[in-house]
Amino acid sequence: MLDRDLLDRIADAKEVVIETHSGDRSYRTIIWVAVVDGSIYVRSVRGEAGRWYQRARVEPSVALHIGATTIPLEAIPATDDASVARASRGFEEKYPRGQSLAAMLRPDVLDTTLRLEPPK
């Protein structure tokens, strides 16, 4: 479990950078993030076509970058109904209504919900 200060920083960040890996290369992508009940959720707005999402599914060791802080995490599928609903609620509470939020709540992207946890 991450400490409360770090969770608050993640929760307060409008956008974060997720670092994913493929072979020896690393990639950074700006994404939205929601923290709900102490859990960190992300979702691919492009559904399964999202490259960062594809890489995180193959190599779940990822990192979030917030300013100069790097947070190593593990991406875990969170596609059960309860997790998807929590993540969606988190996005709805954090981000303004509009086309971007609607895109994050489309039925075809819900199965790309990931929970980010500290590595074991």
# chains A, B, ... in the order shown; residues from 1 in each chain; ligands from 1
$ select_by_dssp --residues "region 17-69 of chain A" --states "strand (DSSP E or B)" --output "MDAnalysis selection string"
chainID A and resid 17:22 25:31 34:36 39:42 61:66 69
$ residues_around --residues "region 91-97 of chain A" --least-positions-apart "3" --cutoff "6 Å" --atoms "only C-alpha atoms" --output "VMD selection string"
chain A and resid 34 88 101
$ write_last_selection --atoms "C-alpha atoms" --output "tab-separated table (two decimals), in the first residue's frame"
chain	number	residue	atom	x	y	z
A	34	ALA	CA	-8.54	7.84	-10.41
A	88	SER	CA	-15.93	4.74	-13.44
A	101	LEU	CA	-15.14	11.73	-19.83
$ atom_distance --atom1 "CA of Ala82 (chain A)" --atom2 "CA of Thr112 (chain A)"
13.9 Å
$ residues_around --residues "Arg115 (chain A)" --least-positions-apart "4" --cutoff "10 Å" --atoms "only C-alpha atoms" --output "list in words"
Val33, Ala34, Val35, Ser39, Ile40, Tyr41, Val42, Arg43, Leu73, Glu74, Ala75, Ile76, Pro77, Ala78, Thr79, Ser83, Val84 and Ala87 of chain A
$ residues_around --residues "Asp8 (chain A)" --least-positions-apart "2" --cutoff "12 Å" --atoms "only C-alpha atoms" --output "ChimeraX atom specification"
/A:2-6,10-14,33-40,66
$ write_last_selection --atoms "N, CA, C and O atoms" --output "mmCIF file, in the first residue's frame"
data_model
loop_
_atom_site.group_PDB
_atom_site.id
_atom_site.type_symbol
_atom_site.label_atom_id
_atom_site.label_comp_id
_atom_site.auth_asym_id
_atom_site.auth_seq_id
_atom_site.Cartn_x
_atom_site.Cartn_y
_atom_site.Cartn_z
ATOM 1 N N LEU A 2 0.539 2.194 -0.830
ATOM 2 C CA LEU A 2 1.282 3.449 -0.868
ATOM 3 C C LEU A 2 0.864 4.318 0.312
ATOM 4 O O LEU A 2 -0.263 4.239 0.790
ATOM 5 N N ASP A 3 1.770 5.192 0.737
ATOM 6 C CA ASP A 3 1.413 6.067 1.850
ATOM 7 C C ASP A 3 0.396 7.110 1.386
ATOM 8 O O ASP A 3 0.245 7.392 0.201
ATOM 9 N N ARG A 4 -0.327 7.655 2.334
ATOM 10 C CA ARG A 4 -1.438 8.574 2.061
ATOM 11 C C ARG A 4 -0.988 9.791 1.261
ATOM 12 O O ARG A 4 -1.681 10.244 0.356
ATOM 13 N N ASP A 5 0.189 10.361 1.558
ATOM 14 C CA ASP A 5 0.664 11.539 0.831
ATOM 15 C C ASP A 5 0.837 11.242 -0.655
ATOM 16 O O ASP A 5 0.456 12.048 -1.508
ATOM 17 N N LEU A 6 1.415 10.081 -0.960
ATOM 18 C CA LEU A 6 1.617 9.712 -2.360
ATOM 19 C C LEU A 6 0.275 9.447 -3.043
ATOM 20 O O LEU A 6 0.056 9.888 -4.180
ATOM 21 N N ILE A 10 -1.301 11.435 -6.326
ATOM 22 C CA ILE A 10 -1.837 10.764 -7.518
ATOM 23 C C ILE A 10 -3.283 11.203 -7.738
ATOM 24 O O ILE A 10 -3.678 11.535 -8.857
ATOM 25 N N ALA A 11 -4.071 11.207 -6.673
ATOM 26 C CA ALA A 11 -5.483 11.588 -6.779
ATOM 27 C C ALA A 11 -5.644 13.026 -7.262
ATOM 28 O O ALA A 11 -6.570 13.324 -8.021
ATOM 29 N N ASP A 12 -4.756 13.912 -6.854
ATOM 30 C CA ASP A 12 -4.862 15.324 -7.209
ATOM 31 C C ASP A 12 -4.343 15.647 -8.610
ATOM 32 O O ASP A 12 -4.667 16.702 -9.158
ATOM 33 N N ALA A 13 -3.536 14.761 -9.168
ATOM 34 C CA ALA A 13 -2.955 15.018 -10.493
ATOM 35 C C ALA A 13 -4.035 14.925 -11.566
ATOM 36 O O ALA A 13 -4.745 13.922 -11.653
ATOM 37 N N LYS A 14 -4.159 15.949 -12.387
ATOM 38 C CA LYS A 14 -5.141 15.927 -13.472
ATOM 39 C C LYS A 14 -4.781 14.832 -14.475
ATOM 40 O O LYS A 14 -5.642 14.102 -14.951
ATOM 41 N N VAL A 33 -6.074 9.189 -14.301
ATOM 42 C CA VAL A 33 -5.983 8.246 -13.189
ATOM 43 C C VAL A 33 -7.031 8.631 -12.155
ATOM 44 O O VAL A 33 -7.345 9.807 -11.977
ATOM 45 N N ALA A 34 -7.584 7.611 -11.495
ATOM 46 C CA ALA A 34 -8.543 7.840 -10.412
ATOM 47 C C ALA A 34 -8.117 7.026 -9.202
ATOM 48 O O ALA A 34 -7.690 5.876 -9.344
ATOM 49 N N VAL A 35 -8.231 7.624 -8.035
ATOM 50 C CA VAL A 35 -7.974 6.913 -6.782
ATOM 51 C C VAL A 35 -9.308 6.805 -6.049
ATOM 52 O O VAL A 35 -9.956 7.818 -5.786
ATOM 53 N N VAL A 36 -9.709 5.574 -5.784
ATOM 54 C CA VAL A 36 -10.989 5.314 -5.118
ATOM 55 C C VAL A 36 -10.738 4.343 -3.968
ATOM 56 O O VAL A 36 -10.197 3.244 -4.192
ATOM 57 N N ASP A 37 -11.101 4.744 -2.773
ATOM 58 C CA ASP A 37 -10.947 3.883 -1.590
ATOM 59 C C ASP A 37 -9.518 3.339 -1.466
ATOM 60 O O ASP A 37 -9.320 2.168 -1.134
ATOM 61 N N GLY A 38 -8.537 4.178 -1.787
ATOM 62 C CA GLY A 38 -7.137 3.789 -1.656
ATOM 63 C C GLY A 38 -6.582 2.976 -2.803
ATOM 64 O O GLY A 38 -5.410 2.598 -2.793
ATOM 65 N N SER A 39 -7.402 2.677 -3.817
ATOM 66 C CA SER A 39 -6.941 1.926 -4.993
ATOM 67 C C SER A 39 -6.769 2.868 -6.178
ATOM 68 O O SER A 39 -7.578 3.788 -6.372
ATOM 69 N N ILE A 40 -5.733 2.626 -6.974
ATOM 70 C CA ILE A 40 -5.414 3.445 -8.137
ATOM 71 C C ILE A 40 -5.943 2.737 -9.381
ATOM 72 O O ILE A 40 -5.611 1.573 -9.628
ATOM 73 N N ILE A 66 4.860 11.591 -11.649
ATOM 74 C CA ILE A 66 4.158 12.816 -11.264
ATOM 75 C C ILE A 66 5.247 13.823 -10.930
ATOM 76 O O ILE A 66 5.936 13.686 -9.916
#
$ residues_around --residues "region 52-55 of chain A" --least-positions-apart "3" --cutoff "9 Å" --atoms "only C-alpha atoms" --output "short mmCIF file (atom, residue, chain, number, x, y, z; two decimals) with all heavy atoms, in the first residue's frame"
data_model
loop_
_atom_site.label_atom_id
_atom_site.label_comp_id
_atom_site.auth_asym_id
_atom_site.auth_seq_id
_atom_site.Cartn_x
_atom_site.Cartn_y
_atom_site.Cartn_z
N ILE A 18 2.28 7.40 -17.54
CA ILE A 18 2.53 5.99 -17.25
C ILE A 18 3.69 5.54 -18.12
O ILE A 18 3.75 5.86 -19.31
CB ILE A 18 1.28 5.12 -17.46
CG1 ILE A 18 1.53 3.70 -16.90
CG2 ILE A 18 0.83 5.09 -18.91
CD1 ILE A 18 0.28 2.86 -16.75
N GLU A 19 4.61 4.85 -17.50
CA GLU A 19 5.76 4.29 -18.23
C GLU A 19 5.53 2.79 -18.37
O GLU A 19 5.29 2.09 -17.39
CB GLU A 19 7.05 4.55 -17.46
CG GLU A 19 8.28 4.03 -18.17
CD GLU A 19 9.55 4.35 -17.43
OE1 GLU A 19 9.52 5.18 -16.48
OE2 GLU A 19 10.59 3.78 -17.79
N THR A 20 5.57 2.34 -19.61
CA THR A 20 5.42 0.92 -19.92
C THR A 20 6.66 0.45 -20.66
O THR A 20 7.48 1.28 -21.09
CB THR A 20 4.16 0.67 -20.77
OG1 THR A 20 4.23 1.48 -21.96
CG2 THR A 20 2.89 1.00 -19.99
N HIS A 21 6.78 -0.86 -20.81
CA HIS A 21 7.99 -1.42 -21.41
C HIS A 21 7.64 -2.46 -22.48
O HIS A 21 6.65 -3.16 -22.38
CB HIS A 21 8.85 -2.09 -20.34
CG HIS A 21 9.16 -1.18 -19.21
ND1 HIS A 21 10.16 -0.25 -19.26
CD2 HIS A 21 8.56 -1.01 -18.00
CE1 HIS A 21 10.19 0.43 -18.13
NE2 HIS A 21 9.21 -0.01 -17.35
N SER A 22 8.51 -2.53 -23.46
CA SER A 22 8.45 -3.56 -24.49
C SER A 22 9.89 -3.91 -24.83
O SER A 22 10.62 -3.08 -25.38
CB SER A 22 7.71 -3.07 -25.73
OG SER A 22 7.68 -4.08 -26.72
N TYR A 27 8.36 3.37 -22.73
CA TYR A 27 7.49 4.35 -23.38
C TYR A 27 6.73 5.11 -22.30
O TYR A 27 6.35 4.53 -21.29
CB TYR A 27 6.48 3.65 -24.30
CG TYR A 27 7.11 2.85 -25.38
CD1 TYR A 27 7.51 1.53 -25.16
CD2 TYR A 27 7.32 3.39 -26.65
CE1 TYR A 27 8.10 0.78 -26.16
CE2 TYR A 27 7.91 2.64 -27.65
CZ TYR A 27 8.30 1.34 -27.41
OH TYR A 27 8.89 0.61 -28.40
N ARG A 28 6.48 6.38 -22.55
CA ARG A 28 5.72 7.19 -21.61
C ARG A 28 4.50 7.77 -22.32
O ARG A 28 4.62 8.29 -23.43
CB ARG A 28 6.59 8.31 -21.04
CG ARG A 28 7.69 7.77 -20.15
CD ARG A 28 8.49 8.88 -19.52
NE ARG A 28 9.55 8.32 -18.69
CZ ARG A 28 10.21 9.00 -17.78
NH1 ARG A 28 9.91 10.28 -17.57
NH2 ARG A 28 11.15 8.44 -17.07
N THR A 29 3.37 7.66 -21.63
CA THR A 29 2.10 8.11 -22.19
C THR A 29 1.33 8.87 -21.12
O THR A 29 1.26 8.43 -19.98
CB THR A 29 1.26 6.88 -22.65
OG1 THR A 29 2.05 6.07 -23.52
CG2 THR A 29 -0.01 7.32 -23.36
N ARG A 43 -7.45 3.43 -17.17
CA ARG A 43 -8.24 2.78 -18.22
C ARG A 43 -7.78 3.36 -19.55
O ARG A 43 -7.47 4.54 -19.64
CB ARG A 43 -9.72 3.06 -17.98
CG ARG A 43 -10.65 2.47 -18.98
CD ARG A 43 -12.11 2.81 -18.63
NE ARG A 43 -12.53 2.10 -17.43
CZ ARG A 43 -13.56 2.48 -16.67
NH1 ARG A 43 -14.23 3.58 -16.95
NH2 ARG A 43 -13.90 1.77 -15.60
N SER A 44 -7.80 2.54 -20.58
CA SER A 44 -7.40 2.99 -21.91
C SER A 44 -8.58 3.60 -22.64
O SER A 44 -9.55 2.91 -22.94
CB SER A 44 -6.84 1.82 -22.72
OG SER A 44 -6.62 2.21 -24.06
N ARG A 46 -8.64 4.34 -25.59
CA ARG A 46 -8.67 3.71 -26.92
C ARG A 46 -9.04 2.23 -26.83
O ARG A 46 -8.92 1.50 -27.81
CB ARG A 46 -7.32 3.87 -27.61
CG ARG A 46 -7.02 5.35 -27.91
CD ARG A 46 -5.78 5.55 -28.74
NE ARG A 46 -5.97 4.95 -30.03
CZ ARG A 46 -5.02 4.26 -30.68
NH1 ARG A 46 -3.83 4.11 -30.16
NH2 ARG A 46 -5.27 3.74 -31.85
N GLY A 47 -9.46 1.79 -25.65
CA GLY A 47 -9.81 0.38 -25.49
C GLY A 47 -8.57 -0.49 -25.67
O GLY A 47 -7.45 -0.07 -25.36
N GLU A 48 -8.77 -1.68 -26.16
CA GLU A 48 -7.64 -2.60 -26.33
C GLU A 48 -6.66 -2.15 -27.40
O GLU A 48 -5.56 -2.69 -27.50
CB GLU A 48 -8.16 -4.01 -26.61
CG GLU A 48 -8.86 -4.59 -25.40
CD GLU A 48 -9.24 -6.04 -25.55
OE1 GLU A 48 -8.81 -6.69 -26.53
OE2 GLU A 48 -9.96 -6.54 -24.68
N ALA A 49 -7.01 -1.15 -28.19
CA ALA A 49 -6.10 -0.62 -29.21
C ALA A 49 -5.04 0.30 -28.60
O ALA A 49 -4.05 0.63 -29.27
CB ALA A 49 -6.88 0.14 -30.29
N VAL A 58 1.19 -7.10 -21.35
CA VAL A 58 2.29 -8.06 -21.60
C VAL A 58 3.34 -7.97 -20.50
O VAL A 58 3.83 -9.00 -20.02
CB VAL A 58 2.92 -7.79 -22.99
CG1 VAL A 58 4.18 -8.63 -23.19
CG2 VAL A 58 1.92 -8.07 -24.10
N GLU A 59 3.69 -6.77 -20.11
CA GLU A 59 4.69 -6.53 -19.05
C GLU A 59 4.06 -5.63 -18.00
O GLU A 59 4.06 -4.40 -18.14
CB GLU A 59 5.94 -5.89 -19.65
CG GLU A 59 7.00 -5.51 -18.64
CD GLU A 59 7.36 -6.64 -17.68
OE1 GLU A 59 7.87 -7.66 -18.15
OE2 GLU A 59 7.12 -6.49 -16.47
N PRO A 60 3.48 -6.22 -16.94
CA PRO A 60 2.72 -5.42 -15.98
C PRO A 60 3.55 -4.53 -15.05
O PRO A 60 2.97 -3.74 -14.30
CB PRO A 60 1.94 -6.46 -15.18
CG PRO A 60 2.63 -7.76 -15.42
CD PRO A 60 3.36 -7.64 -16.71
N THR A 112 -10.76 -2.53 -20.14
CA THR A 112 -9.35 -2.17 -20.06
C THR A 112 -9.01 -1.52 -18.72
O THR A 112 -7.93 -0.95 -18.56
CB THR A 112 -8.93 -1.23 -21.22
OG1 THR A 112 -9.63 0.01 -21.09
CG2 THR A 112 -9.22 -1.87 -22.57
N LEU A 114 -7.54 -1.14 -15.26
CA LEU A 114 -6.41 -1.74 -14.53
C LEU A 114 -6.31 -1.10 -13.16
O LEU A 114 -6.55 0.10 -13.01
CB LEU A 114 -5.09 -1.52 -15.28
CG LEU A 114 -4.97 -2.09 -16.68
CD1 LEU A 114 -3.68 -1.60 -17.35
CD2 LEU A 114 -5.01 -3.61 -16.65
#
$ select_by_dssp --residues "region 2-120 of chain A" --states "helix (DSSP H, G or I)" --output "NGL selection string"
:A and (4-12 or 47-49 or 51-58 or 81-94 or 99-104 or 107-112)
$ closest_residue --among "A:Pro118, A:Arg89, A:Met104, A:Leu110" --to "Val45 (chain A)" --atoms "only C-alpha atoms"
A:Met104
$ closest_residue --among "A:Arg106, A:Ile30, A:Ile71, A:Lys120" --to "Leu7 (chain A)" --atoms "only C-alpha atoms"
A:Ile71
$ atom_distance --atom1 "CA of Asp24 (chain A)" --atom2 "CA of Val109 (chain A)"
28.1 Å
$ closest_residue --among "A:Arg86, A:Val62, A:Asp108, A:Ala103" --to "Ser26 (chain A)" --atoms "only C-alpha atoms"
A:Val62
